[in-house]
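A.B. asks: Here you go, entry-v3.cif (mmCIF, C-alpha atoms):
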data_run
#
loop_
_atom_site.label_atom_id
_atom_site.label_comp_id
_atom_site.auth_asym_id
_atom_site.auth_seq_id
_atom_site.Cartn_x
_atom_site.Cartn_y
_atom_site.Cartn_z
CA MET X 1 0.00 0.00 0.00
CA ALA X 2 2.72 2.41 1.07
CA ALA X 3 4.64 1.51 -2.06
CA THR X 4 1.64 2.35 -4.21
CA VAL X 5 1.26 5.73 -2.56
CA ASN X 6 4.95 6.43 -2.96
CA CYS X 7 4.79 5.44 -6.58
CA ALA X 8 1.81 7.73 -7.19
CA LEU X 9 3.60 10.55 -5.43
CA ALA X 10 6.70 10.04 -7.53
CA LEU X 11 4.60 10.05 -10.70
CA ALA X 12 2.84 13.24 -9.63
CA LEU X 13 6.20 14.83 -8.89
CA LEU X 14 7.57 13.80 -12.27
CA ALA X 15 4.51 15.20 -13.99
CA ALA X 16 4.86 18.43 -12.05
CA MET X 17 8.52 18.69 -13.03
CA GLY X 18 7.93 17.94 -16.68
CA LEU X 19 4.99 20.25 -17.15
CA SER X 20 6.07 22.70 -14.52
CA GLY X 21 5.49 26.37 -14.01
CA THR X 22 8.59 27.32 -15.94
CA ALA X 23 6.93 26.44 -19.20
CA ASP X 24 3.90 28.49 -18.30
CA ALA X 25 6.02 31.33 -16.96
CA GLN X 26 7.93 31.44 -20.22
CA SER X 27 4.84 31.57 -22.36
CA LYS X 28 3.43 34.30 -20.14
CA LEU X 29 6.51 36.48 -20.09
CA LEU X 30 5.75 40.15 -20.42
CA GLU X 31 7.03 42.57 -23.03
CA PRO X 32 9.74 44.68 -21.38
CA GLU X 33 7.65 47.87 -21.47
CA ARG X 34 4.91 46.04 -19.56
CA ALA X 35 7.27 44.32 -17.12
CA PHE X 36 8.91 47.68 -16.42
CA ALA X 37 6.16 50.31 -16.73
CA PHE X 38 7.59 53.79 -16.94
CA SER X 39 5.75 57.03 -16.17
CA VAL X 40 6.65 60.65 -15.43
CA GLN X 41 5.01 63.58 -13.67
CA ALA X 42 6.11 67.21 -13.32
CA LEU X 43 6.02 67.98 -9.60
CA ASP X 44 6.59 71.68 -10.29
CA ASP X 45 8.08 73.91 -12.98
CA LYS X 46 11.59 72.50 -12.47
CA THR X 47 11.18 69.02 -11.05
CA VAL X 48 10.10 65.90 -12.85
CA GLU X 49 9.50 62.63 -11.07
CA ALA X 50 10.27 59.47 -13.05
CA ARG X 51 8.57 56.29 -11.85
CA PHE X 52 8.86 52.62 -12.57
CA VAL X 53 6.26 50.03 -11.65
CA ILE X 54 7.87 46.62 -11.93
CA ALA X 55 5.67 43.55 -12.37
CA ASP X 56 5.88 40.72 -9.82
CA GLY X 57 8.70 38.36 -10.65
CA TYR X 58 10.76 40.98 -12.48
CA TYR X 59 13.58 43.25 -11.37
CA LEU X 60 15.77 46.08 -12.64
CA TYR X 61 19.47 46.62 -11.92
CA ARG X 62 20.07 49.90 -10.07
CA GLU X 63 23.49 50.52 -11.61
CA LYS X 64 22.08 50.20 -15.14
CA MET X 65 19.52 52.98 -14.61
CA LYS X 66 20.17 56.21 -16.53
CA PHE X 67 17.97 59.27 -16.82
CA ASP X 68 18.21 62.21 -19.15
CA VAL X 69 16.00 65.19 -19.94
CA GLU X 70 15.88 67.28 -23.10
CA PRO X 71 16.04 70.10 -24.00
CA ALA X 72 16.43 71.15 -20.36
CA ALA X 73 19.47 69.49 -18.82
CA LEU X 74 19.58 67.87 -15.42
CA ALA X 75 20.72 70.25 -12.67
CA ALA X 76 22.39 67.38 -10.85
CA ASN X 77 22.83 63.66 -11.14
CA PRO X 78 19.58 62.12 -9.98
CA VAL X 79 19.73 60.37 -6.63
CA LEU X 80 18.54 56.82 -7.16
CA PRO X 81 16.81 55.20 -4.21
CA GLU X 82 18.58 52.31 -2.56
CA GLY X 83 17.80 48.97 -4.09
CA LYS X 84 17.56 45.53 -2.60
CA LEU X 85 20.93 43.82 -2.25
CA LYS X 86 21.19 40.72 -4.35
CA ASP X 87 24.14 38.37 -4.02
CA ASP X 88 24.77 37.53 -7.61
CA PRO X 89 26.88 34.43 -8.43
CA PHE X 90 28.79 36.42 -11.08
CA PHE X 91 28.53 40.10 -10.27
CA GLY X 92 28.79 39.89 -6.48
CA LYS X 93 26.59 42.23 -4.50
CA VAL X 94 24.32 44.19 -6.81
CA GLU X 95 21.33 46.36 -6.03
CA THR X 96 18.03 45.60 -7.70
CA TYR X 97 14.62 47.22 -7.73
CA ARG X 98 11.38 45.30 -7.36
CA GLY X 99 7.86 46.62 -7.06
CA ARG X 100 8.06 50.35 -7.61
CA PHE X 101 10.49 53.20 -7.27
CA ALA X 102 10.64 56.89 -8.13
CA VAL X 103 13.47 59.29 -8.94
CA LYS X 104 13.30 63.09 -8.77
CA LEU X 105 14.92 64.80 -11.73
CA ALA X 106 15.91 68.42 -11.03
CA LEU X 107 16.03 70.57 -14.19
CA ASP X 108 18.75 73.17 -14.55
CA GLN X 109 16.42 75.77 -15.98
CA THR X 110 12.78 76.49 -15.66
CA ASP X 111 10.74 77.10 -18.76
CA PRO X 112 7.08 76.87 -17.76
CA GLY X 113 4.75 75.47 -20.33
CA ARG X 114 7.60 74.04 -22.29
CA LYS X 115 7.58 70.41 -23.24
CA VAL X 116 10.44 68.28 -22.05
CA THR X 117 11.37 64.75 -23.01
CA VAL X 118 12.50 62.31 -20.34
CA ARG X 119 14.65 59.39 -21.41
CA ALA X 120 15.06 56.42 -19.10
CA GLU X 121 17.48 53.60 -19.79
CA SER X 122 17.07 50.42 -17.82
CA GLN X 123 18.03 46.77 -17.84
CA GLY X 124 16.25 44.00 -16.02
CA CYS X 125 15.37 40.35 -15.84
CA ALA X 126 12.55 37.99 -14.94
CA ASP X 127 12.86 35.42 -12.17
CA ALA X 128 11.69 32.87 -14.76
CA GLY X 129 15.25 32.96 -16.13
CA VAL X 130 15.42 35.52 -18.91
CA CYS X 131 16.99 38.96 -19.17
CA TYR X 132 15.93 41.81 -21.38
CA PRO X 133 18.50 43.87 -23.28
CA PRO X 134 18.97 47.44 -22.05
CA GLN X 135 15.93 49.39 -23.14
CA VAL X 136 15.26 53.08 -23.57
CA GLN X 137 11.84 54.49 -22.77
CA VAL X 138 10.97 58.05 -23.73
CA LEU X 139 8.08 60.21 -22.51
CA THR X 140 7.24 63.83 -23.19
CA LEU X 141 5.44 66.13 -20.74
CA ALA X 142 4.71 69.83 -20.33
CA LEU X 143 6.17 71.69 -17.35
CA PRO X 144 3.48 73.46 -15.29
CA LEU X 145 3.53 77.18 -14.51
CA PRO X 146 5.15 78.07 -11.18
CA GLY X 147 2.79 77.78 -8.24
CA THR X 148 0.14 75.82 -10.12
CA GLY X 149 0.97 72.48 -8.53
CA PRO X 150 2.01 69.28 -10.21
CA GLY X 151 1.19 68.43 -13.78
CA ALA X 152 -0.71 65.35 -14.91
CA PRO X 153 1.14 62.03 -14.85
CA VAL X 154 2.20 60.76 -18.25
CA ALA X 155 2.61 57.07 -18.93
CA ALA X 156 3.52 55.06 -21.94
CA THR X 157 0.42 53.17 -23.03
CA PRO X 158 1.56 50.00 -24.69
CA ALA X 159 -1.04 48.74 -27.13
CA ARG X 160 -3.24 46.19 -25.44
CA LYS X 161 -3.06 42.71 -26.78
CA SER X 162 -6.32 41.97 -28.49
CA TRP X 163 -7.89 38.52 -28.43
CA PHE X 164 -6.72 37.59 -31.88
CA ASN X 165 -3.02 38.06 -31.35
CA MET F 1 3.43 18.77 -28.20
CA ASP F 2 0.27 19.96 -29.91
CA ARG F 3 1.81 23.35 -30.26
CA LEU F 4 4.95 21.95 -31.79
CA ARG F 5 2.82 20.28 -34.44
CA VAL F 6 0.67 23.34 -35.05
CA SER F 7 3.64 25.55 -35.83
CA ASP F 8 5.13 22.85 -38.02
CA VAL F 9 1.89 22.52 -39.94
CA SER F 10 1.87 26.22 -40.67
CA ALA F 11 5.43 25.89 -41.97
CA HIS F 12 4.23 23.28 -44.45
CA LEU F 13 1.82 25.76 -45.94
CA GLN F 14 4.73 27.83 -47.17
CA PRO F 15 5.73 27.30 -50.79
CA GLU F 16 8.74 25.06 -50.99
CA HIS F 17 11.06 23.59 -53.53
CA GLY F 18 11.35 19.89 -54.14
CA THR F 19 8.77 17.19 -54.36
CA LEU F 20 6.20 18.47 -51.97
CA PHE F 21 4.56 15.16 -51.22
CA THR F 22 7.70 13.21 -50.38
CA ARG F 23 9.20 16.07 -48.40
CA ARG F 24 6.00 16.51 -46.45
CA TRP F 25 5.67 12.84 -45.83
CA PHE F 26 9.30 12.63 -44.75
CA ARG F 27 8.95 15.53 -42.35
CA TRP F 28 5.66 14.32 -40.98
CA SER F 29 7.16 10.97 -40.18
CA ALA F 30 10.26 12.64 -38.75
CA PHE F 31 8.11 14.78 -36.51
CA ALA F 32 5.98 11.84 -35.53
CA VAL F 33 9.09 9.93 -34.50
CA ALA F 34 10.44 12.99 -32.70
CA GLY F 35 7.12 13.45 -30.95
CA ALA F 36 6.89 9.84 -29.90
CA LEU F 37 10.45 9.88 -28.58
CA ALA F 38 9.84 13.06 -26.64
CA LEU F 39 6.64 11.69 -25.17
CA ALA F 40 8.34 8.44 -24.30
CA ALA F 41 11.04 10.39 -22.50
CA GLY F 42 8.33 12.18 -20.60
CA LEU F 43 9.70 15.49 -21.72
CA HIS F 44 7.75 18.57 -22.32
CA PHE F 45 9.11 20.91 -24.93
CA ARG F 46 9.36 24.16 -23.12
CA GLY F 47 9.75 26.53 -26.01
CA ASN F 48 7.96 29.85 -26.12
CA GLY F 49 4.95 28.18 -27.63
CA ASP F 50 2.46 30.92 -26.82
CA ASP F 51 2.57 32.33 -30.30
CA ALA F 52 2.27 29.45 -32.71
CA GLY F 53 2.83 31.75 -35.66
CA GLY F 54 6.10 33.14 -34.42
CA THR F 55 8.08 30.43 -32.73
CA GLY F 56 10.36 30.04 -35.70
CA ARG F 57 10.02 26.27 -35.54
CA GLY F 58 9.83 24.61 -38.90
CA MET F 59 11.29 27.63 -40.62
CA ASP F 60 14.20 27.44 -42.99
CA ALA F 61 17.46 28.75 -41.56
CA ALA F 62 18.63 29.93 -45.01
CA THR F 63 18.64 33.55 -43.82
CA LEU F 64 20.94 32.62 -40.97
CA PHE F 65 23.30 30.69 -43.22
CA ALA F 66 23.70 33.78 -45.40
CA ILE F 67 24.84 35.88 -42.42
CA ALA F 68 28.37 36.51 -41.17
CA MET F 69 29.37 38.03 -37.83
CA PRO F 70 32.74 38.92 -36.34
CA ASP F 71 34.22 36.75 -33.62
CA ALA F 72 35.92 38.31 -30.59
CA ALA F 73 39.15 38.63 -32.60
CA GLY F 74 37.32 40.60 -35.30
CA ASN F 75 37.36 37.88 -37.98
CA GLN F 76 34.15 37.51 -39.94
CA GLN F 77 32.56 34.09 -39.45
CA SER F 78 29.84 32.93 -41.80
CA PHE F 79 27.09 30.69 -40.44
CA GLY F 80 27.23 28.90 -43.78
CA GLN F 81 30.43 27.13 -42.65
CA TRP F 82 28.36 25.08 -40.17
CA GLN F 83 25.65 24.08 -42.62
CA GLY F 84 25.18 20.32 -42.61
CA ARG F 85 26.00 20.00 -38.92
CA VAL F 86 23.44 19.89 -36.15
CA LEU F 87 23.62 23.51 -35.11
CA VAL F 88 22.71 24.99 -31.73
CA VAL F 89 22.72 28.77 -31.90
CA ASN F 90 22.61 30.38 -28.48
CA PHE F 91 21.92 34.10 -28.17
CA TRP F 92 23.45 35.33 -24.91
CA ALA F 93 25.26 38.15 -23.12
CA THR F 94 27.72 38.47 -20.26
CA TRP F 95 25.22 40.77 -18.49
CA CYS F 96 22.61 37.98 -18.56
CA VAL F 97 23.02 35.73 -15.51
CA PRO F 98 20.72 32.90 -16.69
CA CYS F 99 22.76 32.86 -19.92
CA ARG F 100 26.05 32.50 -18.08
CA GLU F 101 24.63 29.81 -15.84
CA GLU F 102 23.71 27.43 -18.65
CA MET F 103 26.87 27.80 -20.71
CA PRO F 104 29.08 25.29 -18.83
CA GLU F 105 26.48 22.69 -19.84
CA PHE F 106 26.89 23.71 -23.50
CA VAL F 107 30.67 23.35 -23.18
CA LYS F 108 30.20 19.84 -21.82
CA VAL F 109 27.72 18.77 -24.53
CA GLN F 110 29.91 20.28 -27.28
CA ARG F 111 32.89 18.32 -25.97
CA GLU F 112 30.91 15.07 -25.89
CA LEU F 113 29.00 15.34 -29.14
CA GLY F 114 31.13 17.61 -31.33
CA GLU F 115 32.71 14.69 -33.13
CA ARG F 116 29.29 13.33 -34.05
CA GLY F 117 28.47 16.57 -35.84
CA LEU F 118 27.10 18.85 -33.15
CA GLN F 119 28.10 22.50 -33.35
CA PHE F 120 27.26 25.14 -30.77
CA VAL F 121 27.60 28.77 -31.83
CA GLY F 122 27.19 31.56 -29.33
CA VAL F 123 25.91 34.93 -30.50
CA ALA F 124 26.68 37.58 -27.91
CA ILE F 125 24.67 40.75 -27.60
CA ASP F 126 27.71 42.28 -26.02
CA GLN F 127 31.15 43.85 -26.40
CA ALA F 128 34.08 41.82 -27.73
CA ASP F 129 36.35 42.37 -24.70
CA LYS F 130 33.71 41.19 -22.25
CA VAL F 131 32.92 38.15 -24.39
CA GLU F 132 36.60 37.30 -24.68
CA ALA F 133 37.14 37.52 -20.92
CA PHE F 134 34.15 35.34 -20.13
CA ALA F 135 35.02 32.83 -22.86
CA ALA F 136 38.50 32.45 -21.37
CA GLU F 137 37.16 32.11 -17.85
CA LEU F 138 34.71 29.43 -18.96
CA GLY F 139 37.04 27.58 -21.34
CA LEU F 140 34.54 28.07 -24.14
CA ASN F 141 35.09 25.39 -26.79
CA TYR F 142 32.76 26.73 -29.48
CA PRO F 143 32.70 30.00 -31.46
CA ALA F 144 31.50 33.13 -29.71
CA LEU F 145 30.36 35.68 -32.27
CA ILE F 146 29.74 39.33 -31.49
CA GLY F 147 26.23 40.09 -32.64
CA GLY F 148 25.49 43.46 -31.05
CA TYR F 149 21.92 44.62 -30.76
CA GLY F 150 21.28 43.71 -34.40
CA ALA F 151 21.43 40.09 -33.28
CA ILE F 152 18.37 40.67 -31.11
CA GLU F 153 16.48 41.51 -34.30
CA LEU F 154 17.85 38.38 -35.93
CA SER F 155 16.64 36.31 -32.97
CA LYS F 156 13.20 37.92 -33.31
CA THR F 157 12.96 36.68 -36.89
CA MET F 158 13.61 33.21 -35.48
CA GLY F 159 10.79 33.39 -32.95
CA ASN F 160 12.20 35.37 -30.02
CA ARG F 161 9.05 37.45 -29.65
CA LEU F 162 10.29 39.38 -26.62
CA GLY F 163 13.87 39.82 -27.73
CA ALA F 164 15.01 38.45 -24.36
CA LEU F 165 17.94 36.19 -23.45
CA PRO F 166 18.99 33.43 -23.42
CA PHE F 167 17.37 32.30 -26.66
CA THR F 168 18.40 29.04 -28.27
CA VAL F 169 17.69 27.70 -31.75
CA ILE F 170 18.35 24.12 -32.79
CA ILE F 171 18.78 23.51 -36.52
CA ASP F 172 18.97 20.09 -38.14
CA ARG F 173 21.45 18.97 -40.78
CA SER F 174 19.09 19.97 -43.59
CA GLY F 175 18.94 23.54 -42.29
CA ARG F 176 15.53 23.42 -40.69
CA VAL F 177 14.77 24.97 -37.31
CA VAL F 178 13.45 22.16 -35.12
CA HIS F 179 13.38 23.85 -31.73
CA THR F 180 13.47 27.36 -30.34
CA GLN F 181 13.60 28.20 -26.70
CA LEU F 182 13.44 31.40 -24.72
CA GLY F 183 15.03 30.97 -21.30
CA PRO F 184 17.48 28.30 -20.18
CA ILE F 185 17.22 24.93 -21.91
CA LYS F 186 17.33 21.88 -19.67
CA GLU F 187 20.24 19.58 -20.38
CA ALA F 188 17.90 16.57 -20.71
CA VAL F 189 15.73 18.40 -23.25
CA LEU F 190 18.79 19.55 -25.18
CA ARG F 191 20.28 16.04 -25.26
CA THR F 192 16.99 14.43 -26.33
CA ILE F 193 16.45 16.83 -29.23
CA VAL F 194 20.06 16.86 -30.38
CA GLY F 195 20.30 13.07 -29.98
CA GLN F 196 17.47 12.62 -32.49
CA LEU F 197 19.20 14.83 -35.03
CA LEU F 198 22.73 13.45 -34.90
#
Represent the structure contained in this file as structure tokens.
C.D. replies:
Amino acid sequence: MAATVNCALALALLAAMGLSGTADAQSKLLEPERAFAFSVQALDDKTVEARFVIADGYYLYREKMKFDVEPAALAANPVLPEGKLKDDPFFGKVETYRGRFAVKLALDQTDPGRKVTVRAESQGCADAGVCYPPQVQVLTLALPLPGTGPGAPVAATPARKSWFN
Amino acid sequence: MDRLRVSDVSAHLQPEHGTLFTRRWFRWSAFAVAGALALAAGLHFRGNGDDAGGTGRGMDAATLFAIAMPDAAGNQQSFGQWQGRVLVVNFWATWCVPCREEMPEFVKVQRELGERGLQFVGVAIDQADKVEAFAAELGLNYPALIGGYGAIELSKTMGNRLGALPFTVIIDRSGRVVHTQLGPIKEAVLRTIVGQLL
């Protein structure tokens, strides 16, 4: 009896290994712009906040993050929030972001009403065992007039997958 | 397995040269044998089978064989030189940890099966100096070509919908893509597929 149960268990385990979550995870992998959703918002006439919302099971490398703004230049190098320490078998201790994080970008000149373009470069991976090449995401927003509060958030809106593709 | 067949069926709808009936029949039987073997081994092909139209399986690798890329030393290497061998093309990068993790396994399989006609070729989406350093560290025993970001586009034409790494393509001796995989490939899966082709 015990042997039968053990045998059934072993079979179930084998089945679980063969048809395991990895296969499903791989077929459900997100496009990079969905895995790493980028948005920006002008907090005032000379500060833009860049935000990333990272899907569960995905992460970005802190040291690979780069931000740039045009035509206004950055007044200072943006201060990136601390990431989560990951002990990588090859790269040693590296900081990664999961969930969400935001970075304030201080502009060197104020030009209310003017449109600025924010460029974010990032590189990340999925826990399922794939990495995405470094990607550049670009968003354009208008700076608000001084004293009028923050502008509206601007997000990239990746085309939704329709049922037929 | 159903998915494997579906994408292969769509490949048969493409116009081809040669005697259509015999070629079809030959491939169908080849796939049936491959399918039976895989089932018998209890293996599940874990390719990116979510987009039957774009997995690259069943496609002709003629485009690939017409391409040349520099190796780390800067010498142009044509894929055509490996035509007729069982070819495993692995798109990777030194900045991709899952890529680095599976490569020792490729070194081992290349060492064991190279003489029987197996040829691994690594295509790095990376810089030559970094590739050279990692190849030396690993004792890489197969060519490491420097593909740059253009190679991501090449991998997309072979079914790498997301352009992510690692991405591996297995091509049979007749130049047909028989397996594509996004993410690490299990050694048992690799050996089963390659074993059928050698």
A.B. asks: Could you tell me which residues the PyMOL selection byres ((chain X and resi 65) around 10) grabs in this file, written as a PyMOL selection string?
C.D. replies: chain X and resi 60-64+66-67+80+120-124+134-136
A.B. asks: Applying 7 Å and all atoms listed in the file, which residues near Val103 in chain X remain after dropping the ones on its own chain fewer than 5 positions away? List them as a short mmCIF file (atom, residue, chain, number, x, y, z; two decimals) with C-alpha atoms, in the coordinates of the input.
C.D. replies:
data_model
loop_
_atom_site.label_atom_id
_atom_site.label_comp_id
_atom_site.auth_asym_id
_atom_site.auth_seq_id
_atom_site.Cartn_x
_atom_site.Cartn_y
_atom_site.Cartn_z
CA GLU X 49 9.50 62.63 -11.07
CA ALA X 50 10.27 59.47 -13.05
CA ARG X 51 8.57 56.29 -11.85
CA PRO X 78 19.58 62.12 -9.98
CA VAL X 79 19.73 60.37 -6.63
CA LEU X 80 18.54 56.82 -7.16
#
A.B. asks: Please determine, counting all atoms listed in the file, which residue among X:Ala142, X:Val94, X:Val130, X:Ala155 has the shortest atom-to-atom distance to Glu33 in chain X.
C.D. replies: X:Ala155
A.B. asks: Using all atoms listed in the file - which residues lie no farther than 12 Å from the point (32.4, 28.9, -22.2) in the file's frame? Write them as a VMD selection string.
C.D. replies: chain F and resid 90 92 to 94 99 to 111 120 to 122 124 131 to 144
A.B. asks: For a quick check of understanding, using only C-alpha atoms, which of F:Leu64, F:Ala73, F:Val169, F:Ile146 has the smallest distance to Ile185 in chain F?
C.D. replies: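 For Ile185 in chain F, the nearest of the given residues is F:Val169.
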A.B. asks: Please, can range 79-106 of chain X be completed to N, CA and C atoms and returned as a PDB file, in the coordinates of the input?
C.D. replies:
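This is the output file rebuild.pdb:
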ATOM      1  N   VAL X  79      19.411  61.279  -7.737  1.00  0.00           N
ATOM      2  CA  VAL X  79      19.730  60.370  -6.630  1.00  0.00           C
ATOM      3  C   VAL X  79      18.791  59.170  -6.720  1.00  0.00           C
ATOM      4  N   LEU X  80      19.358  58.031  -7.039  1.00  0.00           N
ATOM      5  CA  LEU X  80      18.540  56.820  -7.160  1.00  0.00           C
ATOM      6  C   LEU X  80      18.288  56.237  -5.776  1.00  0.00           C
ATOM      7  N   PRO X  81      17.067  55.818  -5.516  1.00  0.00           N
ATOM      8  CA  PRO X  81      16.810  55.200  -4.210  1.00  0.00           C
ATOM      9  C   PRO X  81      17.627  53.919  -4.042  1.00  0.00           C
ATOM     10  N   GLU X  82      17.832  53.544  -2.797  1.00  0.00           N
ATOM     11  CA  GLU X  82      18.580  52.310  -2.560  1.00  0.00           C
ATOM     12  C   GLU X  82      17.780  51.115  -3.054  1.00  0.00           C
ATOM     13  N   GLY X  83      18.485  50.175  -3.616  1.00  0.00           N
ATOM     14  CA  GLY X  83      17.800  48.970  -4.090  1.00  0.00           C
ATOM     15  C   GLY X  83      17.924  47.863  -3.060  1.00  0.00           C
ATOM     16  N   LYS X  84      17.455  46.693  -3.465  1.00  0.00           N
ATOM     17  CA  LYS X  84      17.560  45.530  -2.600  1.00  0.00           C
ATOM     18  C   LYS X  84      18.864  44.823  -2.962  1.00  0.00           C
ATOM     19  N   LEU X  85      19.654  44.497  -1.970  1.00  0.00           N
ATOM     20  CA  LEU X  85      20.930  43.820  -2.250  1.00  0.00           C
ATOM     21  C   LEU X  85      20.688  42.399  -2.721  1.00  0.00           C
ATOM     22  N   LYS X  86      21.321  42.071  -3.824  1.00  0.00           N
ATOM     23  CA  LYS X  86      21.190  40.720  -4.350  1.00  0.00           C
ATOM     24  C   LYS X  86      22.592  40.165  -4.462  1.00  0.00           C
ATOM     25  N   ASP X  87      22.807  38.974  -3.935  1.00  0.00           N
ATOM     26  CA  ASP X  87      24.140  38.370  -4.020  1.00  0.00           C
ATOM     27  C   ASP X  87      24.192  37.557  -5.299  1.00  0.00           C
ATOM     28  N   ASP X  88      24.764  38.149  -6.305  1.00  0.00           N
ATOM     29  CA  ASP X  88      24.770  37.530  -7.610  1.00  0.00           C
ATOM     30  C   ASP X  88      25.980  36.601  -7.758  1.00  0.00           C
ATOM     31  N   PRO X  89      25.763  35.382  -8.308  1.00  0.00           N
ATOM     32  CA  PRO X  89      26.880  34.430  -8.430  1.00  0.00           C
ATOM     33  C   PRO X  89      28.029  34.972  -9.289  1.00  0.00           C
ATOM     34  N   PHE X  90      27.749  35.905 -10.197  1.00  0.00           N
ATOM     35  CA  PHE X  90      28.790  36.420 -11.080  1.00  0.00           C
ATOM     36  C   PHE X  90      29.206  37.851 -10.761  1.00  0.00           C
ATOM     37  N   PHE X  91      28.239  38.675 -10.418  1.00  0.00           N
ATOM     38  CA  PHE X  91      28.530  40.100 -10.270  1.00  0.00           C
ATOM     39  C   PHE X  91      28.736  40.506  -8.813  1.00  0.00           C
ATOM     40  N   GLY X  92      28.650  39.545  -7.887  1.00  0.00           N
ATOM     41  CA  GLY X  92      28.790  39.890  -6.480  1.00  0.00           C
ATOM     42  C   GLY X  92      27.546  40.585  -5.968  1.00  0.00           C
ATOM     43  N   LYS X  93      27.753  41.548  -5.073  1.00  0.00           N
ATOM     44  CA  LYS X  93      26.590  42.230  -4.500  1.00  0.00           C
ATOM     45  C   LYS X  93      26.119  43.333  -5.457  1.00  0.00           C
ATOM     46  N   VAL X  94      24.901  43.169  -5.927  1.00  0.00           N
ATOM     47  CA  VAL X  94      24.320  44.190  -6.810  1.00  0.00           C
ATOM     48  C   VAL X  94      22.988  44.622  -6.220  1.00  0.00           C
ATOM     49  N   GLU X  95      22.610  45.861  -6.528  1.00  0.00           N
ATOM     50  CA  GLU X  95      21.330  46.360  -6.030  1.00  0.00           C
ATOM     51  C   GLU X  95      20.274  46.243  -7.124  1.00  0.00           C
ATOM     52  N   THR X  96      19.119  45.746  -6.734  1.00  0.00           N
ATOM     53  CA  THR X  96      18.030  45.600  -7.700  1.00  0.00           C
ATOM     54  C   THR X  96      16.768  46.282  -7.167  1.00  0.00           C
ATOM     55  N   TYR X  97      15.925  46.661  -8.086  1.00  0.00           N
ATOM     56  CA  TYR X  97      14.620  47.220  -7.730  1.00  0.00           C
ATOM     57  C   TYR X  97      13.533  46.214  -8.056  1.00  0.00           C
ATOM     58  N   ARG X  98      12.598  46.068  -7.123  1.00  0.00           N
ATOM     59  CA  ARG X  98      11.380  45.300  -7.360  1.00  0.00           C
ATOM     60  C   ARG X  98      10.204  46.159  -6.933  1.00  0.00           C
ATOM     61  N   GLY X  99       9.037  45.836  -7.448  1.00  0.00           N
ATOM     62  CA  GLY X  99       7.860  46.620  -7.060  1.00  0.00           C
ATOM     63  C   GLY X  99       7.855  47.967  -7.750  1.00  0.00           C
ATOM     64  N   ARG X 100       8.050  49.039  -6.973  1.00  0.00           N
ATOM     65  CA  ARG X 100       8.060  50.350  -7.610  1.00  0.00           C
ATOM     66  C   ARG X 100       9.124  51.249  -7.000  1.00  0.00           C
ATOM     67  N   PHE X 101       9.587  52.181  -7.796  1.00  0.00           N
ATOM     68  CA  PHE X 101      10.490  53.200  -7.270  1.00  0.00           C
ATOM     69  C   PHE X 101      10.344  54.472  -8.084  1.00  0.00           C
ATOM     70  N   ALA X 102      10.752  55.589  -7.466  1.00  0.00           N
ATOM     71  CA  ALA X 102      10.640  56.890  -8.130  1.00  0.00           C
ATOM     72  C   ALA X 102      11.944  57.649  -7.960  1.00  0.00           C
ATOM     73  N   VAL X 103      12.251  58.481  -8.957  1.00  0.00           N
ATOM     74  CA  VAL X 103      13.470  59.290  -8.940  1.00  0.00           C
ATOM     75  C   VAL X 103      13.091  60.722  -9.282  1.00  0.00           C
ATOM     76  N   LYS X 104      13.567  61.666  -8.461  1.00  0.00           N
ATOM     77  CA  LYS X 104      13.300  63.090  -8.770  1.00  0.00           C
ATOM     78  C   LYS X 104      14.400  63.617  -9.685  1.00  0.00           C
ATOM     79  N   LEU X 105      13.976  64.232 -10.776  1.00  0.00           N
ATOM     80  CA  LEU X 105      14.920  64.800 -11.730  1.00  0.00           C
ATOM     81  C   LEU X 105      14.821  66.324 -11.628  1.00  0.00           C
ATOM     82  N   ALA X 106      15.894  66.958 -11.159  1.00  0.00           N
ATOM     83  CA  ALA X 106      15.910  68.420 -11.030  1.00  0.00           C
ATOM     84  C   ALA X 106      16.425  69.030 -12.333  1.00  0.00           C
TER      85      ALA X 106
END
